[in-house]
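Dumped start-v3.tsv below, it's TSV, C-alpha atoms:
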```tsv
chain	number	residue	atom	x	y	z
A	66	MET	CA	121.64	98.44	78.73
A	67	ASN	CA	121.23	100.72	81.74
A	68	GLN	CA	119.53	104.07	81.32
A	69	ILE	CA	119.93	107.10	83.57
A	70	GLY	CA	117.22	109.59	84.44
A	71	TRP	CA	116.28	112.30	86.91
A	72	CYS	CA	113.28	112.69	89.18
A	73	ALA	CA	111.75	116.01	88.18
A	74	GLY	CA	108.63	117.76	86.96
A	75	ILE	CA	107.63	117.47	83.32
A	76	GLU	CA	108.48	121.18	82.99
A	77	GLN	CA	112.16	120.32	83.41
A	78	ALA	CA	112.22	117.60	80.76
A	79	GLU	CA	113.62	119.87	78.03
A	80	LEU	CA	116.51	120.98	80.23
A	81	LEU	CA	117.31	117.40	81.22
A	82	ALA	CA	117.14	116.27	77.59
A	83	ALA	CA	119.73	118.89	76.69
A	84	HIS	CA	122.05	117.34	79.26
A	85	GLY	CA	121.91	113.93	77.58
A	86	LEU	CA	119.75	111.95	80.00
A	87	ASP	CA	117.75	108.96	78.78
A	88	TYR	CA	114.46	109.70	80.53
A	89	VAL	CA	112.72	111.76	83.18
A	90	GLU	CA	110.96	110.28	86.22
A	91	CYS	CA	107.89	112.34	87.10
A	92	ALA	CA	105.24	112.14	89.81
A	93	LEU	CA	102.28	109.89	89.11
A	94	SER	CA	100.23	112.14	91.37
A	95	SER	CA	100.94	115.08	89.02
A	96	LEU	CA	98.85	113.40	86.32
A	97	GLN	CA	95.69	113.96	88.40
A	98	VAL	CA	94.20	110.73	87.09
A	99	GLU	CA	91.07	111.10	89.26
A	100	ASP	CA	90.13	114.31	87.42
A	101	GLU	CA	89.24	113.35	83.84
A	102	ARG	CA	89.49	116.89	82.50
A	103	ALA	CA	92.85	117.57	84.16
A	104	LEU	CA	94.17	114.20	83.02
A	105	ALA	CA	93.12	114.87	79.42
A	106	GLU	CA	94.99	118.18	79.54
A	107	ARG	CA	98.15	116.76	81.07
A	108	ILE	CA	98.58	113.50	79.16
A	109	PRO	CA	99.84	115.23	75.97
A	110	LEU	CA	102.59	116.97	77.98
A	111	TYR	CA	103.94	113.58	78.98
A	112	VAL	CA	103.33	111.77	75.69
A	113	ASN	CA	105.06	114.55	73.71
A	114	SER	CA	107.78	115.27	76.26
A	115	PRO	CA	111.19	116.19	74.75
A	116	LEU	CA	112.61	113.55	77.11
A	117	PRO	CA	110.72	110.26	77.43
A	118	VAL	CA	108.82	109.74	80.68
A	119	ARG	CA	109.81	106.16	81.44
A	120	ALA	CA	109.24	106.15	85.22
A	121	LEU	CA	106.77	107.64	87.68
A	122	ASN	CA	107.04	108.07	91.45
A	123	ILE	CA	104.87	109.57	94.22
A	124	PHE	CA	102.20	106.93	93.69
A	125	ALA	CA	99.45	108.25	95.95
A	126	PRO	CA	97.84	111.70	95.54
A	127	ASP	CA	97.44	114.01	98.53
A	128	GLY	CA	94.83	112.78	100.95
A	129	MET	CA	94.83	109.16	99.84
A	130	LYS	CA	95.58	106.65	102.59
A	131	LEU	CA	96.91	103.23	101.63
A	132	VAL	CA	96.77	101.77	105.15
A	133	GLY	CA	94.78	102.49	108.28
A	134	PRO	CA	91.09	103.05	109.12
A	135	GLN	CA	90.66	105.85	106.55
A	136	VAL	CA	91.39	103.63	103.54
A	137	ASP	CA	88.80	104.02	100.80
A	138	ARG	CA	89.06	100.67	99.01
A	139	GLU	CA	86.79	101.58	96.11
A	140	ARG	CA	88.64	104.82	95.46
A	141	ILE	CA	91.99	103.02	95.48
A	142	ARG	CA	90.70	100.31	93.15
A	143	ARG	CA	89.52	102.94	90.65
A	144	TYR	CA	92.80	104.83	91.02
A	145	VAL	CA	94.89	101.73	90.28
A	146	ASN	CA	92.93	101.16	87.08
A	147	LYS	CA	93.14	104.76	85.87
A	148	ALA	CA	96.80	105.12	86.85
A	149	GLY	CA	97.74	101.99	84.94
A	150	GLU	CA	95.90	103.16	81.83
A	151	ALA	CA	97.49	106.62	81.96
A	152	ALA	CA	101.01	105.30	82.54
A	153	SER	CA	100.62	102.86	79.68
A	154	ARG	CA	99.53	105.63	77.30
A	155	ILE	CA	102.62	107.64	78.20
A	156	GLY	CA	104.99	104.71	77.68
A	157	VAL	CA	106.03	104.36	81.32
A	158	GLU	CA	107.96	101.22	82.24
A	159	VAL	CA	108.42	101.63	86.01
A	160	VAL	CA	106.11	103.05	88.68
A	161	VAL	CA	107.49	103.61	92.17
A	162	LEU	CA	105.37	103.09	95.26
A	163	GLY	CA	106.96	105.29	97.88
A	164	SER	CA	104.28	107.60	99.33
A	165	GLY	CA	105.48	107.50	102.91
A	166	LYS	CA	102.60	109.51	104.41
A	167	ALA	CA	99.97	107.47	102.59
A	168	ARG	CA	101.36	104.23	103.96
A	169	MET	CA	102.15	105.46	107.49
A	170	ILE	CA	100.62	103.07	110.01
A	171	PRO	CA	98.53	105.19	112.42
A	172	GLU	CA	98.48	104.67	116.17
A	173	ASN	CA	96.17	101.89	117.36
A	174	TRP	CA	96.36	100.19	113.97
A	175	GLU	CA	98.01	96.79	113.99
A	176	PRO	CA	100.99	96.27	111.63
A	177	GLN	CA	99.38	93.03	110.46
A	178	GLN	CA	96.31	94.98	109.37
A	179	ALA	CA	98.47	97.47	107.50
A	180	GLU	CA	100.35	94.66	105.76
A	181	ALA	CA	97.07	93.05	104.72
A	182	GLN	CA	95.91	96.35	103.23
A	183	MET	CA	99.18	96.78	101.36
A	184	LEU	CA	98.98	93.25	100.00
A	185	GLU	CA	95.42	93.88	98.80
A	186	LEU	CA	96.65	96.99	96.96
A	187	LEU	CA	99.52	95.07	95.38
A	188	ASN	CA	97.21	92.27	94.31
A	189	TRP	CA	94.97	94.81	92.59
A	190	ILE	CA	97.95	96.31	90.79
A	191	ALA	CA	99.25	92.89	89.74
A	192	GLU	CA	95.82	92.02	88.33
A	193	GLU	CA	95.02	95.35	86.68
A	194	TRP	CA	98.48	95.97	85.20
A	195	GLN	CA	99.21	92.47	84.00
A	196	GLY	CA	100.52	92.59	80.45
A	197	ASN	CA	100.74	96.39	80.18
A	198	GLY	CA	104.56	96.42	80.33
A	199	ILE	CA	104.75	98.36	83.60
A	200	THR	CA	106.57	97.18	86.71
A	201	LEU	CA	105.49	98.47	90.12
A	202	THR	CA	108.52	98.81	92.40
A	203	LEU	CA	108.16	98.99	96.18
A	204	GLU	CA	110.38	101.68	97.67
A	205	PRO	CA	111.73	101.10	101.19
A	206	LEU	CA	111.80	104.42	103.04
A	207	ASN	CA	113.76	105.42	106.12
A	208	ARG	CA	111.94	105.54	109.45
A	209	LYS	CA	111.69	109.34	109.41
A	210	GLU	CA	109.42	109.10	106.37
A	211	SER	CA	107.38	105.97	107.05
A	212	ASN	CA	106.94	103.17	109.58
A	213	LEU	CA	106.04	100.53	107.01
A	214	MET	CA	108.62	98.86	104.75
A	215	ASN	CA	111.94	100.39	105.83
A	216	ASN	CA	114.40	98.09	104.12
A	217	ILE	CA	114.77	95.91	101.05
A	218	ALA	CA	114.09	92.66	102.93
A	219	GLU	CA	110.72	93.98	104.13
A	220	ALA	CA	109.79	95.08	100.62
A	221	VAL	CA	110.80	91.71	99.19
A	222	HIS	CA	108.71	90.01	101.88
A	223	LEU	CA	105.63	91.76	100.49
A	224	ALA	CA	106.54	91.22	96.84
A	225	LYS	CA	107.07	87.49	97.38
A	226	GLN	CA	103.55	87.12	98.74
A	227	ILE	CA	102.14	88.54	95.49
A	228	ASN	CA	104.52	86.47	93.37
A	229	SER	CA	103.89	88.44	90.19
A	230	PRO	CA	106.47	89.77	87.72
A	231	THR	CA	104.58	93.06	87.90
A	232	ILE	CA	105.64	93.64	91.54
A	233	ARG	CA	109.30	94.18	92.26
A	234	VAL	CA	111.51	96.27	94.59
A	235	LEU	CA	113.51	99.50	94.34
A	236	ALA	CA	116.87	100.10	96.02
A	237	ASP	CA	117.32	103.75	97.05
A	238	PHE	CA	120.89	104.77	97.92
A	239	TYR	CA	119.72	107.57	100.24
A	240	HIS	CA	117.26	105.50	102.25
A	241	MET	CA	119.71	102.59	102.48
A	242	ASP	CA	122.33	104.96	103.89
A	243	GLU	CA	119.86	106.50	106.35
A	244	GLU	CA	118.93	103.04	107.63
A	245	LYS	CA	122.56	101.85	107.59
A	246	GLU	CA	121.46	99.05	105.28
A	247	PRO	CA	124.47	97.33	103.66
A	248	LEU	CA	124.66	97.59	99.89
A	249	ASP	CA	125.26	93.84	99.87
A	250	THR	CA	121.53	93.53	100.64
A	251	ILE	CA	121.06	94.18	96.93
A	252	LEU	CA	123.12	91.07	96.24
A	253	THR	CA	121.01	89.02	98.61
A	254	HIS	CA	117.77	90.06	96.90
A	255	LYS	CA	119.10	90.54	93.37
A	256	ASP	CA	116.20	88.74	91.69
A	257	TRP	CA	113.75	91.33	93.04
A	258	ILE	CA	115.59	94.58	92.29
A	259	ALA	CA	114.05	96.36	89.29
A	260	HIS	CA	114.89	100.05	89.81
A	261	ILE	CA	117.54	102.21	91.51
A	262	HIS	CA	117.34	105.70	93.02
A	263	LEU	CA	120.59	107.63	93.44
A	264	ALA	CA	121.63	110.52	95.66
A	265	ASP	CA	124.65	111.50	97.72
A	266	THR	CA	125.45	112.83	101.20
A	267	GLY	CA	122.61	114.99	102.53
A	268	ARG	CA	120.39	113.80	99.68
A	269	HIS	CA	122.31	116.01	97.30
A	270	ALA	CA	123.17	115.15	93.70
A	271	PRO	CA	125.26	112.07	92.85
A	272	GLY	CA	128.98	112.73	92.92
A	273	THR	CA	128.85	115.57	95.45
A	274	GLY	CA	129.36	113.63	98.68
A	275	VAL	CA	130.93	110.54	100.20
A	276	TYR	CA	128.38	107.79	99.50
A	277	PRO	CA	130.27	104.57	98.59
A	278	TYR	CA	129.63	104.61	94.85
A	279	GLN	CA	132.56	102.33	94.21
A	280	ARG	CA	130.87	99.58	96.21
A	281	LEU	CA	127.52	100.27	94.57
A	282	CYS	CA	129.14	99.82	91.16
A	283	GLU	CA	130.66	96.54	92.30
A	284	VAL	CA	127.31	95.28	93.58
A	285	LEU	CA	125.35	96.27	90.47
A	286	GLN	CA	128.02	94.77	88.25
A	287	ALA	CA	127.91	91.55	90.28
A	288	ILE	CA	124.15	91.16	89.78
A	289	ASN	CA	124.36	92.16	86.12
A	290	TYR	CA	121.92	95.00	86.73
A	291	THR	CA	120.52	96.29	83.44
A	292	GLY	CA	117.66	98.43	84.75
A	293	LYS	CA	117.21	102.16	85.16
A	294	LEU	CA	118.96	104.49	87.61
A	295	SER	CA	117.27	107.76	88.55
A	296	ALA	CA	118.72	110.62	90.55
A	297	GLU	CA	116.26	111.43	93.33
A	298	CYS	CA	117.82	114.29	95.22
A	299	HIS	CA	117.88	118.02	95.86
A	300	TRP	CA	118.23	120.00	92.65
A	301	PRO	CA	121.85	121.18	92.18
A	302	THR	CA	122.24	124.87	93.01
A	303	LEU	CA	125.82	125.46	91.89
A	304	ASP	CA	126.58	126.54	88.34
A	305	GLY	CA	127.41	123.43	86.38
A	306	GLY	CA	126.17	121.21	89.19
A	307	LEU	CA	123.61	119.43	87.04
A	308	SER	CA	126.09	118.77	84.24
A	309	ASP	CA	128.71	117.54	86.70
A	310	SER	CA	126.29	115.17	88.40
A	311	ILE	CA	124.98	113.74	85.13
A	312	SER	CA	128.55	113.20	83.95
A	313	TYR	CA	129.23	111.38	87.20
A	314	MET	CA	126.17	109.18	86.71
A	315	LYS	CA	127.35	108.30	83.21
A	316	GLU	CA	130.70	107.36	84.70
A	317	VAL	CA	128.90	105.10	87.17
A	318	ILE	CA	127.16	103.33	84.29
A	319	SER	CA	130.47	102.92	82.50
A	320	ARG	CA	132.06	101.40	85.61
A	321	ILE	CA	129.17	98.95	86.00
A	322	HIS	CA	129.58	97.75	82.44
A	323	LYS	CA	133.36	97.51	82.53
A	324	GLY	CA	133.44	95.91	85.96
A	325	ALA	CA	133.85	98.21	88.95
```

I need this file expressed as structure tokens, please.
Amino acid sequence: MNQIGWCAGIEQAELLAAHGLDYVECALSSLQVEDERALAERIPLYVNSPLPVRALNIFAPDGMKLVGPQVDRERIRRYVNKAGEAASRIGVEVVVLGSGKARMIPENWEPQQAEAQMLELLNWIAEEWQGNGITLTLEPLNRKESNLMNNIAEAVHLAKQINSPTIRVLADFYHMDEEKEPLDTILTHKDWIAHIHLADTGRHAPGTGVYPYQRLCEVLQAINYTGKLSAECHWPTLDGGLSDSISYMKEVISRIHKGA
């Protein structure tokens, strides 16, 4: 059964719970897993959240580079281990690897080198997180936010080389629209899609714009998608905007189940 959530800070979990969401998707970087004291203080907030924290995004903390000459391999290896342990304690099921700045290929750095570094990272995650119940999903980002992994096919290309059930791919409605990537791409790579991010025109809340939700419902129904769907968008500013958008997301789920 699909669940719907919202990308937000842990401080907003109570509000989102009151609106009938299934979970909140917070930032992995906000856990501060490299600072043992800060992590010990923050973990209870997530474990005891009024709305379960079932997904985490923003994989890399500020200053961490995942590709390029500044990569600190030992730091990343330690981070992967600590992040996996922390996420498991919280009960997280999906971690999103977006982090556009961290994976931006710098000038004079070959794309093949960047891909090799990304594959090394994914291999570490597949090894360290095996059996902990967490799926790492690669998030394709539009070219304004990163120059590595801009569409679902490129993300699947990386995931296939790892060939682990721990590594899968996310489909983000906003980034797909920005890159003019057909929603049918989800059909093509259905076996690799493990998480969905939703937004609407201008990266506003679902149901406020002209994104082709009817077609998205048809595609997700066709692949029998049973995973999570998180709104990742600007926070609604209009009175009732949050309630309206969540109601719209629930309608989307209903249409997927009934057949779009």

Close residues, Met241 of chain A itself excluded, 12 Å, all atoms listed in the file, min 4 positions apart in chain, as a PyMOL selection string: chain A and resi 204-208+214-218+235-237+245-251+261-266+268+276-277+281

How would the residues just picked look written out with C-alpha atoms as a PDB file, keeping the file's coordinate frame?
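Contents of the output file result_17.pdb:
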```pdb
ATOM      1  CA  GLU A 204     110.380 101.680  97.670  1.00  0.00           C
ATOM      2  CA  PRO A 205     111.730 101.100 101.190  1.00  0.00           C
ATOM      3  CA  LEU A 206     111.800 104.420 103.040  1.00  0.00           C
ATOM      4  CA  ASN A 207     113.760 105.420 106.120  1.00  0.00           C
ATOM      5  CA  ARG A 208     111.940 105.540 109.450  1.00  0.00           C
ATOM      6  CA  MET A 214     108.620  98.860 104.750  1.00  0.00           C
ATOM      7  CA  ASN A 215     111.940 100.390 105.830  1.00  0.00           C
ATOM      8  CA  ASN A 216     114.400  98.090 104.120  1.00  0.00           C
ATOM      9  CA  ILE A 217     114.770  95.910 101.050  1.00  0.00           C
ATOM     10  CA  ALA A 218     114.090  92.660 102.930  1.00  0.00           C
ATOM     11  CA  LEU A 235     113.510  99.500  94.340  1.00  0.00           C
ATOM     12  CA  ALA A 236     116.870 100.100  96.020  1.00  0.00           C
ATOM     13  CA  ASP A 237     117.320 103.750  97.050  1.00  0.00           C
ATOM     14  CA  LYS A 245     122.560 101.850 107.590  1.00  0.00           C
ATOM     15  CA  GLU A 246     121.460  99.050 105.280  1.00  0.00           C
ATOM     16  CA  PRO A 247     124.470  97.330 103.660  1.00  0.00           C
ATOM     17  CA  LEU A 248     124.660  97.590  99.890  1.00  0.00           C
ATOM     18  CA  ASP A 249     125.260  93.840  99.870  1.00  0.00           C
ATOM     19  CA  THR A 250     121.530  93.530 100.640  1.00  0.00           C
ATOM     20  CA  ILE A 251     121.060  94.180  96.930  1.00  0.00           C
ATOM     21  CA  ILE A 261     117.540 102.210  91.510  1.00  0.00           C
ATOM     22  CA  HIS A 262     117.340 105.700  93.020  1.00  0.00           C
ATOM     23  CA  LEU A 263     120.590 107.630  93.440  1.00  0.00           C
ATOM     24  CA  ALA A 264     121.630 110.520  95.660  1.00  0.00           C
ATOM     25  CA  ASP A 265     124.650 111.500  97.720  1.00  0.00           C
ATOM     26  CA  THR A 266     125.450 112.830 101.200  1.00  0.00           C
ATOM     27  CA  ARG A 268     120.390 113.800  99.680  1.00  0.00           C
ATOM     28  CA  TYR A 276     128.380 107.790  99.500  1.00  0.00           C
ATOM     29  CA  PRO A 277     130.270 104.570  98.590  1.00  0.00           C
ATOM     30  CA  LEU A 281     127.520 100.270  94.570  1.00  0.00           C
TER      31      LEU A 281
END
```

Protein, DNA and RNA residues within 9 Å of (98.9, 99.0, 102.4), only C-alpha atoms, as a PDB file with C-alpha atoms, keeping the file's coordinate frame:
```
ATOM      1  CA  LYS A 130      95.580 106.650 102.590  1.00  0.00           C
ATOM      2  CA  LEU A 131      96.910 103.230 101.630  1.00  0.00           C
ATOM      3  CA  VAL A 132      96.770 101.770 105.150  1.00  0.00           C
ATOM      4  CA  GLY A 133      94.780 102.490 108.280  1.00  0.00           C
ATOM      5  CA  VAL A 136      91.390 103.630 103.540  1.00  0.00           C
ATOM      6  CA  ALA A 167      99.970 107.470 102.590  1.00  0.00           C
ATOM      7  CA  ARG A 168     101.360 104.230 103.960  1.00  0.00           C
ATOM      8  CA  MET A 169     102.150 105.460 107.490  1.00  0.00           C
ATOM      9  CA  ILE A 170     100.620 103.070 110.010  1.00  0.00           C
ATOM     10  CA  GLN A 178      96.310  94.980 109.370  1.00  0.00           C
ATOM     11  CA  ALA A 179      98.470  97.470 107.500  1.00  0.00           C
ATOM     12  CA  GLU A 180     100.350  94.660 105.760  1.00  0.00           C
ATOM     13  CA  ALA A 181      97.070  93.050 104.720  1.00  0.00           C
ATOM     14  CA  GLN A 182      95.910  96.350 103.230  1.00  0.00           C
ATOM     15  CA  MET A 183      99.180  96.780 101.360  1.00  0.00           C
ATOM     16  CA  LEU A 184      98.980  93.250 100.000  1.00  0.00           C
ATOM     17  CA  GLU A 185      95.420  93.880  98.800  1.00  0.00           C
ATOM     18  CA  LEU A 186      96.650  96.990  96.960  1.00  0.00           C
ATOM     19  CA  LEU A 187      99.520  95.070  95.380  1.00  0.00           C
ATOM     20  CA  LEU A 213     106.040 100.530 107.010  1.00  0.00           C
TER      21      LEU A 213
END
```

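Rounded to one decimal, atom CA of Tyr111 of chain A and atom CA of Lys147 of chain A lie 15.6 Å from each other.
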
Selection near Leu81 of chain A, 10 Å with all atoms listed in the file, sequence-local residues under 3 positions removed, as a tab-separated table (two decimals) with C-alpha atoms, in the frame of the given file:
```tsv
chain	number	residue	atom	x	y	z
A	70	GLY	CA	117.22	109.59	84.44
A	71	TRP	CA	116.28	112.30	86.91
A	73	ALA	CA	111.75	116.01	88.18
A	75	ILE	CA	107.63	117.47	83.32
A	76	GLU	CA	108.48	121.18	82.99
A	77	GLN	CA	112.16	120.32	83.41
A	78	ALA	CA	112.22	117.60	80.76
A	84	HIS	CA	122.05	117.34	79.26
A	85	GLY	CA	121.91	113.93	77.58
A	86	LEU	CA	119.75	111.95	80.00
A	87	ASP	CA	117.75	108.96	78.78
A	88	TYR	CA	114.46	109.70	80.53
A	89	VAL	CA	112.72	111.76	83.18
A	115	PRO	CA	111.19	116.19	74.75
A	116	LEU	CA	112.61	113.55	77.11
A	307	LEU	CA	123.61	119.43	87.04
A	308	SER	CA	126.09	118.77	84.24
A	311	ILE	CA	124.98	113.74	85.13
```

Who sits within 7 Å of segment 149-163 of chain A, only C-alpha atoms, same chain under 4 positions skipped, as an NGL selection string: :A and (111-112 or 118-124 or 145 or 194 or 197-204)

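Among the candidates A:Ile190, A:Ile288, A:Ala270, A:Ala224, the residue lying nearest to Lys255 of chain A is A:Ile288 (atoms considered: all atoms listed in the file).
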
Let me have the centre and edge lengths in Å, one decimal, of the box along x, y and z around every listed atom of segment 127-137 of chain A with 6 Å of margin on each side, as lines of an AutoDock Vina configuration file.
```
center_x = 93.1
center_y = 107.9
center_z = 103.8
size_x = 20.6
size_y = 24.2
size_z = 22.6
```

Surrounding residues of segment 94-103 of chain A excluding itself and chain neighbours under 2 positions, 7 Å, all atoms listed in the file, as a VMD selection string: chain A and resid 92 105 to 107 123 to 126 144 147 to 148

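A straight line drawn from atom CA of Met314 of chain A to atom CA of Ala83 of chain A is 15.4 Å long.
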
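Distances here use all atoms listed in the file; by that measure, the residue among A:Gly272, A:Gln195, A:Glu79, A:Gly306 closest to Asn113 of chain A is A:Glu79.
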
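Remark: for Asn67 of chain A, the closest of the candidate residues A:Ser310, A:Thr291, A:Ser164, A:Thr302 is A:Thr291 (distances computed over only C-alpha atoms).
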
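Residue nearest Arg280 of chain A, chosen from A:Ser229, A:His222, A:Arg320, A:Gly292 and counting all atoms listed in the file: A:Arg320.
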
Length of the atom CA of Leu252 of chain A to atom CA of Ala287 of chain A vector [Å]: 7.7 Å

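The residue that comes closest to Glu316 of chain A, out of A:Lys225, A:Tyr278, A:Leu303, A:Leu285 and on the basis of all atoms listed in the file, is A:Tyr278.
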
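Closest approach to His299 of chain A from the set A:Arg143, A:Arg138, A:Lys315, A:His269 is made by A:His269, with distances taken over only C-alpha atoms.
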
Mind writing segment 84-167 of chain A to a file for me, with C-alpha atoms, as a PDB file, in the first residue's frame?
```pdb
ATOM      1  CA  HIS A  84      -2.997  16.611   8.519  1.00  0.00           C
ATOM      2  CA  GLY A  85      -3.105  12.829   8.191  1.00  0.00           C
ATOM      3  CA  LEU A  86       0.186  12.087   6.440  1.00  0.00           C
ATOM      4  CA  ASP A  87       1.848   8.708   6.830  1.00  0.00           C
ATOM      5  CA  TYR A  88       5.420   9.875   7.401  1.00  0.00           C
ATOM      6  CA  VAL A  89       7.827  12.785   7.223  1.00  0.00           C
ATOM      7  CA  GLU A  90      10.969  12.826   5.067  1.00  0.00           C
ATOM      8  CA  CYS A  91      13.751  14.721   6.818  1.00  0.00           C
ATOM      9  CA  ALA A  92      17.330  15.618   5.924  1.00  0.00           C
ATOM     10  CA  LEU A  93      19.974  13.028   6.730  1.00  0.00           C
ATOM     11  CA  SER A  94      22.447  15.884   7.077  1.00  0.00           C
ATOM     12  CA  SER A  95      20.323  17.325   9.916  1.00  0.00           C
ATOM     13  CA  LEU A  96      21.207  14.326  12.089  1.00  0.00           C
ATOM     14  CA  GLN A  97      24.832  15.518  12.265  1.00  0.00           C
ATOM     15  CA  VAL A  98      26.056  11.931  12.371  1.00  0.00           C
ATOM     16  CA  GLU A  99      29.726  12.996  12.378  1.00  0.00           C
ATOM     17  CA  ASP A 100      29.243  14.758  15.731  1.00  0.00           C
ATOM     18  CA  GLU A 101      28.573  12.073  18.345  1.00  0.00           C
ATOM     19  CA  ARG A 102      27.211  14.492  20.939  1.00  0.00           C
ATOM     20  CA  ALA A 103      24.891  16.243  18.476  1.00  0.00           C
ATOM     21  CA  LEU A 104      23.730  12.900  17.090  1.00  0.00           C
ATOM     22  CA  ALA A 105      22.936  11.596  20.573  1.00  0.00           C
ATOM     23  CA  GLU A 106      20.837  14.705  21.222  1.00  0.00           C
ATOM     24  CA  ARG A 107      18.963  14.557  17.936  1.00  0.00           C
ATOM     25  CA  ILE A 108      18.225  10.844  17.583  1.00  0.00           C
ATOM     26  CA  PRO A 109      15.415  10.886  20.214  1.00  0.00           C
ATOM     27  CA  LEU A 110      13.634  13.665  18.291  1.00  0.00           C
ATOM     28  CA  TYR A 111      13.409  11.377  15.282  1.00  0.00           C
ATOM     29  CA  VAL A 112      12.741   8.121  17.143  1.00  0.00           C
ATOM     30  CA  ASN A 113       9.909   9.724  19.157  1.00  0.00           C
ATOM     31  CA  SER A 114       8.550  11.880  16.351  1.00  0.00           C
ATOM     32  CA  PRO A 115       4.731  12.277  16.339  1.00  0.00           C
ATOM     33  CA  LEU A 116       4.933  11.313  12.660  1.00  0.00           C
ATOM     34  CA  PRO A 117       7.244   8.434  11.711  1.00  0.00           C
ATOM     35  CA  VAL A 118      10.453   9.399   9.920  1.00  0.00           C
ATOM     36  CA  ARG A 119      10.468   6.792   7.165  1.00  0.00           C
ATOM     37  CA  ALA A 120      12.662   8.593   4.614  1.00  0.00           C
ATOM     38  CA  LEU A 121      15.717  10.836   4.642  1.00  0.00           C
ATOM     39  CA  ASN A 122      17.104  13.100   1.914  1.00  0.00           C
ATOM     40  CA  ILE A 123      20.025  15.543   1.575  1.00  0.00           C
ATOM     41  CA  PHE A 124      22.539  12.732   1.928  1.00  0.00           C
ATOM     42  CA  ALA A 125      25.780  14.710   2.158  1.00  0.00           C
ATOM     43  CA  PRO A 126      26.484  17.312   4.863  1.00  0.00           C
ATOM     44  CA  ASP A 127      27.824  20.747   3.936  1.00  0.00           C
ATOM     45  CA  GLY A 128      31.400  20.618   2.747  1.00  0.00           C
ATOM     46  CA  MET A 129      31.455  16.941   1.828  1.00  0.00           C
ATOM     47  CA  LYS A 130      32.403  16.214  -1.772  1.00  0.00           C
ATOM     48  CA  LEU A 131      31.320  12.921  -3.319  1.00  0.00           C
ATOM     49  CA  VAL A 132      33.241  13.391  -6.579  1.00  0.00           C
ATOM     50  CA  GLY A 133      36.294  15.359  -7.647  1.00  0.00           C
ATOM     51  CA  PRO A 134      39.837  15.873  -6.299  1.00  0.00           C
ATOM     52  CA  GLN A 135      38.638  16.973  -2.837  1.00  0.00           C
ATOM     53  CA  VAL A 136      36.982  13.651  -2.003  1.00  0.00           C
ATOM     54  CA  ASP A 137      37.980  12.365   1.425  1.00  0.00           C
ATOM     55  CA  ARG A 138      37.457   8.615   1.025  1.00  0.00           C
ATOM     56  CA  GLU A 139      38.018   7.727   4.669  1.00  0.00           C
ATOM     57  CA  ARG A 140      35.597  10.390   5.859  1.00  0.00           C
ATOM     58  CA  ILE A 141      32.934   9.195   3.433  1.00  0.00           C
ATOM     59  CA  ARG A 142      33.438   5.569   4.460  1.00  0.00           C
ATOM     60  CA  ARG A 143      32.956   6.481   8.128  1.00  0.00           C
ATOM     61  CA  TYR A 144      29.950   8.631   7.250  1.00  0.00           C
ATOM     62  CA  VAL A 145      28.244   5.808   5.344  1.00  0.00           C
ATOM     63  CA  ASN A 146      28.621   3.532   8.360  1.00  0.00           C
ATOM     64  CA  LYS A 147      27.346   6.058  10.893  1.00  0.00           C
ATOM     65  CA  ALA A 148      24.509   7.233   8.653  1.00  0.00           C
ATOM     66  CA  GLY A 149      23.307   3.683   8.128  1.00  0.00           C
ATOM     67  CA  GLU A 150      23.353   2.969  11.861  1.00  0.00           C
ATOM     68  CA  ALA A 151      21.482   6.178  12.692  1.00  0.00           C
ATOM     69  CA  ALA A 152      18.846   5.693   9.999  1.00  0.00           C
ATOM     70  CA  SER A 153      18.279   2.123  11.135  1.00  0.00           C
ATOM     71  CA  ARG A 154      17.750   3.226  14.748  1.00  0.00           C
ATOM     72  CA  ILE A 155      15.124   5.721  13.618  1.00  0.00           C
ATOM     73  CA  GLY A 156      13.248   3.185  11.493  1.00  0.00           C
ATOM     74  CA  VAL A 157      14.018   4.791   8.133  1.00  0.00           C
ATOM     75  CA  GLU A 158      13.206   2.731   5.045  1.00  0.00           C
ATOM     76  CA  VAL A 159      14.425   4.995   2.224  1.00  0.00           C
ATOM     77  CA  VAL A 160      17.438   7.304   1.988  1.00  0.00           C
ATOM     78  CA  VAL A 161      17.706   9.658  -0.983  1.00  0.00           C
ATOM     79  CA  LEU A 162      21.041  10.515  -2.551  1.00  0.00           C
ATOM     80  CA  GLY A 163      20.478  13.878  -4.181  1.00  0.00           C
ATOM     81  CA  SER A 164      23.130  16.310  -2.906  1.00  0.00           C
ATOM     82  CA  GLY A 165      23.700  18.125  -6.176  1.00  0.00           C
ATOM     83  CA  LYS A 166      26.605  20.302  -4.994  1.00  0.00           C
ATOM     84  CA  ALA A 167      28.412  17.369  -3.412  1.00  0.00           C
TER      85      ALA A 167
END
```
